[in-house]
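Source file: structure_16.tsv; contents: TSV, C-alpha atoms.
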chain	number	residue	atom	x	y	z
A	1	MET	CA	50.54	79.36	-79.91
A	2	LYS	CA	53.79	81.13	-80.76
A	3	ARG	CA	54.01	82.51	-77.23
A	4	TYR	CA	53.55	79.00	-75.84
A	5	ILE	CA	56.34	77.63	-78.04
A	6	VAL	CA	58.67	80.47	-77.03
A	7	ALA	CA	57.88	79.87	-73.35
A	8	VAL	CA	58.61	76.15	-73.70
A	9	LEU	CA	61.90	76.87	-75.48
A	10	LEU	CA	62.95	79.29	-72.75
A	11	MET	CA	62.15	76.69	-70.12
A	12	CYS	CA	64.22	74.12	-71.99
A	13	VAL	CA	67.17	76.49	-72.28
A	14	SER	CA	66.90	77.35	-68.60
A	15	ALA	CA	66.75	73.68	-67.60
A	16	LEU	CA	69.74	72.89	-69.83
A	17	SER	CA	71.75	75.75	-68.34
A	18	PHE	CA	70.95	74.54	-64.83
A	19	ALA	CA	71.96	70.99	-65.73
A	20	GLN	CA	75.28	72.26	-67.06
A	21	LYS	CA	76.04	74.45	-64.07
A	22	ALA	CA	79.27	73.47	-62.36
A	23	VAL	CA	80.37	74.25	-58.82
A	24	TYR	CA	84.07	74.54	-57.96
A	25	THR	CA	84.11	76.11	-54.51
A	26	HIS	CA	81.81	77.04	-51.65
A	27	GLU	CA	79.39	79.66	-52.92
A	28	TYR	CA	78.24	82.57	-50.75
A	29	ASN	CA	75.16	84.59	-51.68
A	30	ASP	CA	76.23	87.61	-49.68
A	31	ARG	CA	77.36	90.59	-51.75
A	32	LYS	CA	78.10	92.70	-48.69
A	33	LEU	CA	80.41	90.04	-47.27
A	34	LEU	CA	82.14	89.66	-50.64
A	35	LYS	CA	82.73	93.41	-50.79
A	36	VAL	CA	84.22	93.39	-47.28
A	37	ALA	CA	86.44	90.41	-48.12
A	38	LYS	CA	87.75	91.97	-51.33
A	39	LYS	CA	88.52	95.24	-49.55
A	40	TRP	CA	90.38	93.33	-46.82
A	41	LEU	CA	92.35	91.38	-49.42
A	42	LYS	CA	93.32	94.49	-51.35
A	43	LYS	CA	94.39	96.37	-48.21
A	44	GLY	CA	96.98	93.65	-47.63
A	45	ASP	CA	97.52	93.78	-43.86
A	46	TRP	CA	97.23	89.99	-43.89
A	47	ARG	CA	100.54	89.80	-45.78
A	48	GLN	CA	102.65	90.53	-42.68
A	49	GLY	CA	105.43	91.74	-44.97
A	50	PHE	CA	105.15	88.83	-47.41
A	51	THR	CA	105.19	90.29	-50.93
A	52	ALA	CA	106.80	87.55	-53.03
A	53	ALA	CA	103.44	86.10	-54.06
A	54	SER	CA	99.74	86.90	-54.14
A	55	PRO	CA	96.63	84.70	-53.97
A	56	HIS	CA	95.74	83.03	-57.23
A	57	GLU	CA	92.43	84.15	-58.76
A	58	SER	CA	90.89	80.79	-57.87
A	59	VAL	CA	91.30	81.37	-54.11
A	60	ASN	CA	87.91	81.77	-52.41
A	61	VAL	CA	88.30	85.30	-51.04
A	62	ILE	CA	85.42	84.99	-48.56
A	63	ASP	CA	86.77	81.75	-47.11
A	64	PHE	CA	90.21	83.35	-46.86
A	65	TYR	CA	88.81	86.41	-45.09
A	66	LEU	CA	86.63	84.43	-42.66
A	67	GLN	CA	89.33	81.91	-41.78
A	68	TYR	CA	91.85	84.67	-41.12
A	69	GLN	CA	89.40	86.39	-38.74
A	70	ARG	CA	88.64	83.15	-36.92
A	71	ASN	CA	92.26	82.04	-36.56
A	72	PRO	CA	94.43	85.19	-36.77
A	73	GLU	CA	97.38	83.92	-34.71
A	74	GLN	CA	98.03	80.99	-37.02
A	75	TRP	CA	97.62	82.93	-40.26
A	76	THR	CA	99.78	85.78	-38.95
A	77	ALA	CA	102.54	83.33	-38.02
A	78	LEU	CA	102.26	81.66	-41.44
A	79	PHE	CA	102.74	84.86	-43.43
A	80	GLN	CA	105.42	86.23	-41.10
A	81	TYR	CA	107.36	83.01	-41.62
A	82	LEU	CA	107.04	83.22	-45.40
A	83	ALA	CA	108.19	86.84	-45.32
A	84	LYS	CA	111.34	86.04	-43.35
A	85	THR	CA	112.36	82.66	-44.77
A	86	ASP	CA	114.38	81.79	-47.88
A	87	LEU	CA	112.24	78.91	-49.10
A	88	LEU	CA	114.65	78.01	-51.90
A	89	SER	CA	117.56	77.33	-49.55
A	90	LEU	CA	115.46	75.67	-46.84
A	91	ASP	CA	116.21	71.96	-46.40
A	92	LYS	CA	113.52	69.70	-47.75
A	93	GLY	CA	111.35	68.06	-45.12
A	94	LYS	CA	109.13	69.40	-42.36
A	95	HIS	CA	109.89	72.49	-40.29
A	96	PRO	CA	107.92	74.03	-37.41
A	97	ILE	CA	106.65	77.57	-37.88
A	98	PRO	CA	107.52	79.70	-34.81
A	99	GLY	CA	104.65	81.17	-32.84
A	100	SER	CA	102.19	78.55	-34.03
A	101	ASN	CA	101.41	74.86	-34.12
A	102	LEU	CA	101.88	74.86	-37.89
A	103	THR	CA	104.42	72.91	-39.91
A	104	ILE	CA	105.73	73.71	-43.37
A	105	SER	CA	106.46	70.73	-45.59
A	106	VAL	CA	109.12	71.43	-48.23
A	107	GLU	CA	108.98	68.98	-51.12
A	108	ASP	CA	111.33	68.64	-54.07
A	109	SER	CA	109.12	66.72	-56.44
A	110	GLU	CA	107.84	66.52	-59.99
A	111	ASN	CA	104.56	66.71	-61.83
A	112	GLY	CA	103.04	63.61	-63.37
A	113	PRO	CA	100.28	62.49	-65.74
A	114	LEU	CA	96.79	63.49	-64.68
A	115	GLU	CA	95.55	59.90	-64.62
A	116	LYS	CA	98.13	59.05	-61.96
A	117	ARG	CA	97.19	61.94	-59.66
A	118	ASN	CA	94.48	61.63	-57.05
A	119	SER	CA	91.79	64.23	-56.50
A	120	GLU	CA	91.15	65.11	-52.89
A	121	SER	CA	89.52	67.38	-50.36
A	122	HIS	CA	89.70	67.79	-46.60
A	123	TYR	CA	87.07	68.40	-43.94
A	124	ASN	CA	89.15	69.74	-41.05
A	125	THR	CA	92.20	71.33	-42.64
A	126	ILE	CA	93.08	73.90	-45.28
A	127	ASP	CA	95.88	73.32	-47.79
A	128	PHE	CA	98.11	76.35	-48.30
A	129	GLN	CA	100.21	75.47	-51.36
A	130	TYR	CA	103.07	77.55	-52.71
A	131	CYS	CA	105.25	76.42	-55.62
A	132	VAL	CA	108.49	78.33	-55.13
A	133	LYS	CA	110.39	76.77	-58.05
A	134	GLY	CA	109.08	75.51	-61.39
A	135	THR	CA	105.48	75.24	-62.52
A	136	GLU	CA	103.00	73.02	-60.72
A	137	ARG	CA	99.63	72.44	-62.36
A	138	PHE	CA	96.53	72.11	-60.19
A	139	GLY	CA	93.15	70.75	-61.14
A	140	ILE	CA	89.94	71.86	-59.44
A	141	ILE	CA	86.99	69.53	-59.96
A	142	ASP	CA	83.26	70.10	-60.24
A	143	HIS	CA	81.13	69.23	-57.19
A	144	VAL	CA	78.00	68.46	-59.22
A	145	THR	CA	79.41	65.59	-61.28
A	146	SER	CA	82.10	64.29	-58.90
A	147	VAL	CA	81.42	61.40	-56.51
A	148	PRO	CA	83.53	59.97	-53.65
A	149	LYS	CA	85.42	56.85	-54.67
A	150	ASP	CA	86.42	55.77	-51.19
A	151	LYS	CA	85.67	56.43	-47.53
A	152	TYR	CA	86.73	59.59	-45.74
A	153	ARG	CA	89.70	58.86	-43.49
A	154	LYS	CA	92.65	60.74	-42.03
A	155	ASP	CA	91.00	63.99	-43.14
A	156	VAL	CA	91.07	63.17	-46.83
A	157	ILE	CA	88.59	61.85	-49.38
A	158	HIS	CA	89.15	61.10	-53.07
A	159	TYR	CA	86.76	61.45	-56.01
A	160	ASN	CA	85.82	60.12	-59.40
A	161	TYR	CA	85.34	63.19	-61.57
A	162	ASP	CA	84.62	64.36	-65.10
A	163	LYS	CA	87.89	65.53	-66.61
A	164	ALA	CA	86.05	67.66	-69.17
A	165	ARG	CA	84.48	69.71	-66.37
A	166	ALA	CA	87.70	70.18	-64.39
A	167	ARG	CA	89.56	73.48	-64.36
A	168	PHE	CA	93.35	73.56	-64.54
A	169	TYR	CA	95.67	76.30	-63.31
A	170	ASP	CA	99.45	76.67	-63.34
A	171	SER	CA	101.10	77.60	-60.06
A	172	VAL	CA	104.25	79.68	-60.40
A	173	PRO	CA	106.37	81.43	-57.74
A	174	ASP	CA	104.47	84.73	-57.78
A	175	LYS	CA	101.16	83.05	-56.83
A	176	PHE	CA	99.99	80.84	-53.99
A	177	PHE	CA	96.92	78.64	-53.79
A	178	ILE	CA	94.65	77.93	-50.82
A	179	PHE	CA	92.35	74.93	-50.92
A	180	PHE	CA	89.55	75.12	-48.38
A	181	PRO	CA	87.20	72.17	-47.70
A	182	GLY	CA	85.00	73.37	-50.56
A	183	ASP	CA	87.89	73.20	-53.03
A	184	TRP	CA	88.26	69.67	-54.40
A	185	HIS	CA	91.64	69.60	-56.05
A	186	ILE	CA	94.39	67.65	-57.81
A	187	ALA	CA	98.04	68.54	-57.23
A	188	LYS	CA	101.24	68.00	-59.20
A	189	VAL	CA	99.66	67.58	-62.61
A	190	GLU	CA	101.97	67.53	-65.61
A	191	ASN	CA	102.25	70.97	-67.24
A	192	ASP	CA	102.72	71.76	-70.94
A	193	GLY	CA	106.45	72.45	-70.65
A	194	ASP	CA	109.53	70.24	-70.72
A	195	ASP	CA	110.49	70.77	-67.07
A	196	GLN	CA	108.29	69.01	-64.51
A	197	ASN	CA	110.61	69.51	-61.53
A	198	ILE	CA	109.15	71.64	-58.74
A	199	ARG	CA	109.77	72.76	-55.18
A	200	VAL	CA	106.50	73.01	-53.28
A	201	CYS	CA	105.82	74.31	-49.78
A	202	VAL	CA	102.65	73.00	-48.13
A	203	ILE	CA	101.17	74.27	-44.87
A	204	LYS	CA	98.06	72.74	-43.35
A	205	VAL	CA	95.93	75.15	-41.31
A	206	GLU	CA	93.00	74.13	-39.13
A	207	TRP	CA	89.58	74.88	-40.62
A	208	LYS	CA	87.52	76.96	-38.18
A	209	THR	CA	83.72	76.91	-38.37
A	210	GLU	CA	83.34	79.74	-35.83
Could you spell out this file's structure in structure tokens?
Amino acid sequence: MKRYIVAVLLMCVSALSFAQKAVYTHEYNDRKLLKVAKKWLKKGDWRQGFTAASPHESVNVIDFYLQYQRNPEQWTALFQYLAKTDLLSLDKGKHPIPGSNLTISVEDSENGPLEKRNSESHYNTIDFQYCVKGTERFGIIDHVTSVPKDKYRKDVIHYNYDKARARFYDSVPDKFFIFFPGDWHIAKVENDGDDQNIRVCVIKVEWKTE
């Protein structure tokens, strides 16, 4: 009888743990691929001389690795541009990135209350986001409990989400963020400080499936 009770309790705990599981990015069950991706990231050839910032811990390293291999010309041009350009003195607005079909959007903006910021994800593009001045707060929302609140259009969809299950990260000038289609995110969220003014550089890169 005791064994039966213990077994039932273990099943309940397991079921509860499963119900509480949250998903924040695309998950890969491939340890070998993860090892290759981490080694590639650490080696740093992808930087193309860009050393001012590194990927934030939330960046999906396998997605980063695979997308770089599938679209090397665009990613190479992106990092070469960042390495050679003074992003603080660059005029705000959109600028073409030489050697590519990419555009960098330079925004002088400010963070705002979470309830006034939309969550979003994209199907066909990747958001490369780099806050070069100030502190921008990002939210990353859970896939399990989030639901679309409108129709997908112009490569964006928005979500209703559980704030308690969202993760929040501060973006500062020594880190950059990359939001792949599996990263449902919220940008320009008010941080805990007094200064909400930021300069953000956004580059959209095509998502490659092969």
Quiz item: Any idea what's packed within 7 Å of segment 175-189 of chain A, counting only C-alpha atoms, ignoring anything in its chain fewer than 2 positions away? Could you give it as a VMD selection string?
Solution: chain A and resid 24 to 26 53 to 56 59 110 to 114 117 to 123 126 to 130 136 to 141 171 to 173 191
Quiz item: Near Phe79 of chain A, within 7 Å and counting only C-alpha atoms, which residues show up once chain neighbours fewer than 4 positions away are dropped, as a ChimeraX atom specification?
Solution: /A:47-48,50,75,83
Restricting the output to C-alpha atoms, write the selected residues as a CSV table (one decimal), in the coordinates of the input.
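Everything below was put into result.csv:
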chain,number,residue,atom,x,y,z
A,47,ARG,CA,100.5,89.8,-45.8
A,48,GLN,CA,102.6,90.5,-42.7
A,50,PHE,CA,105.2,88.8,-47.4
A,75,TRP,CA,97.6,82.9,-40.3
A,83,ALA,CA,108.2,86.8,-45.3
Exercise. For atom CA of Tyr152 of chain A and atom CA of Tyr169 of chain A, determine how far apart the two atoms are, in Å to one decimal place.
Key: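 That distance, rounded to one decimal, is 25.8 Å.
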Quiz item: Skipping near chain neighbours, those fewer than 3 positions away, what residues fall within 8 Å of segment 31-41 of chain A using all atoms listed in the file, listed as an MDAnalysis selection string?
Solution: chainID A and resid 44:46 61:62 65
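The closest residue to Ala52 of chain A, picked from A:Ile157, A:Thr125, A:Ile104, A:Lys84 and counting all atoms listed in the file, is A:Lys84.
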Quiz item: Need the neighbours of (107.5, 70.1, -47.0): which residues are at most 6 Å away, counting all atoms listed in the file, as number ranges by chain?
Solution: A: 93-94, 104-107, 201-202
Exercise. Enter the distance from atom CA of Tyr28 of chain A to atom CA of Ser146 of chain A, in Å, rounded to one decimal.
Key: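 The value is 20.4 Å.
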Quiz prompt | Atomic distance atom CA of Pro72 of chain A - atom CA of Thr103 of chain A, expressed in Å with one decimal | solution =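 That distance, rounded to one decimal, is 16.1 Å.
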Exercise. Compare A:Thr135, A:Asn160, A:Thr51, A:Thr145 by their minimum atom-to-atom distance to Asp194 of chain A, counting only C-alpha atoms, and give me the closest one.
Key: A:Thr135
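Closest to Leu90 of chain A among A:Lys208, A:Lys154, A:Asp108, A:Lys116 is A:Asp108, based on all atoms listed in the file.
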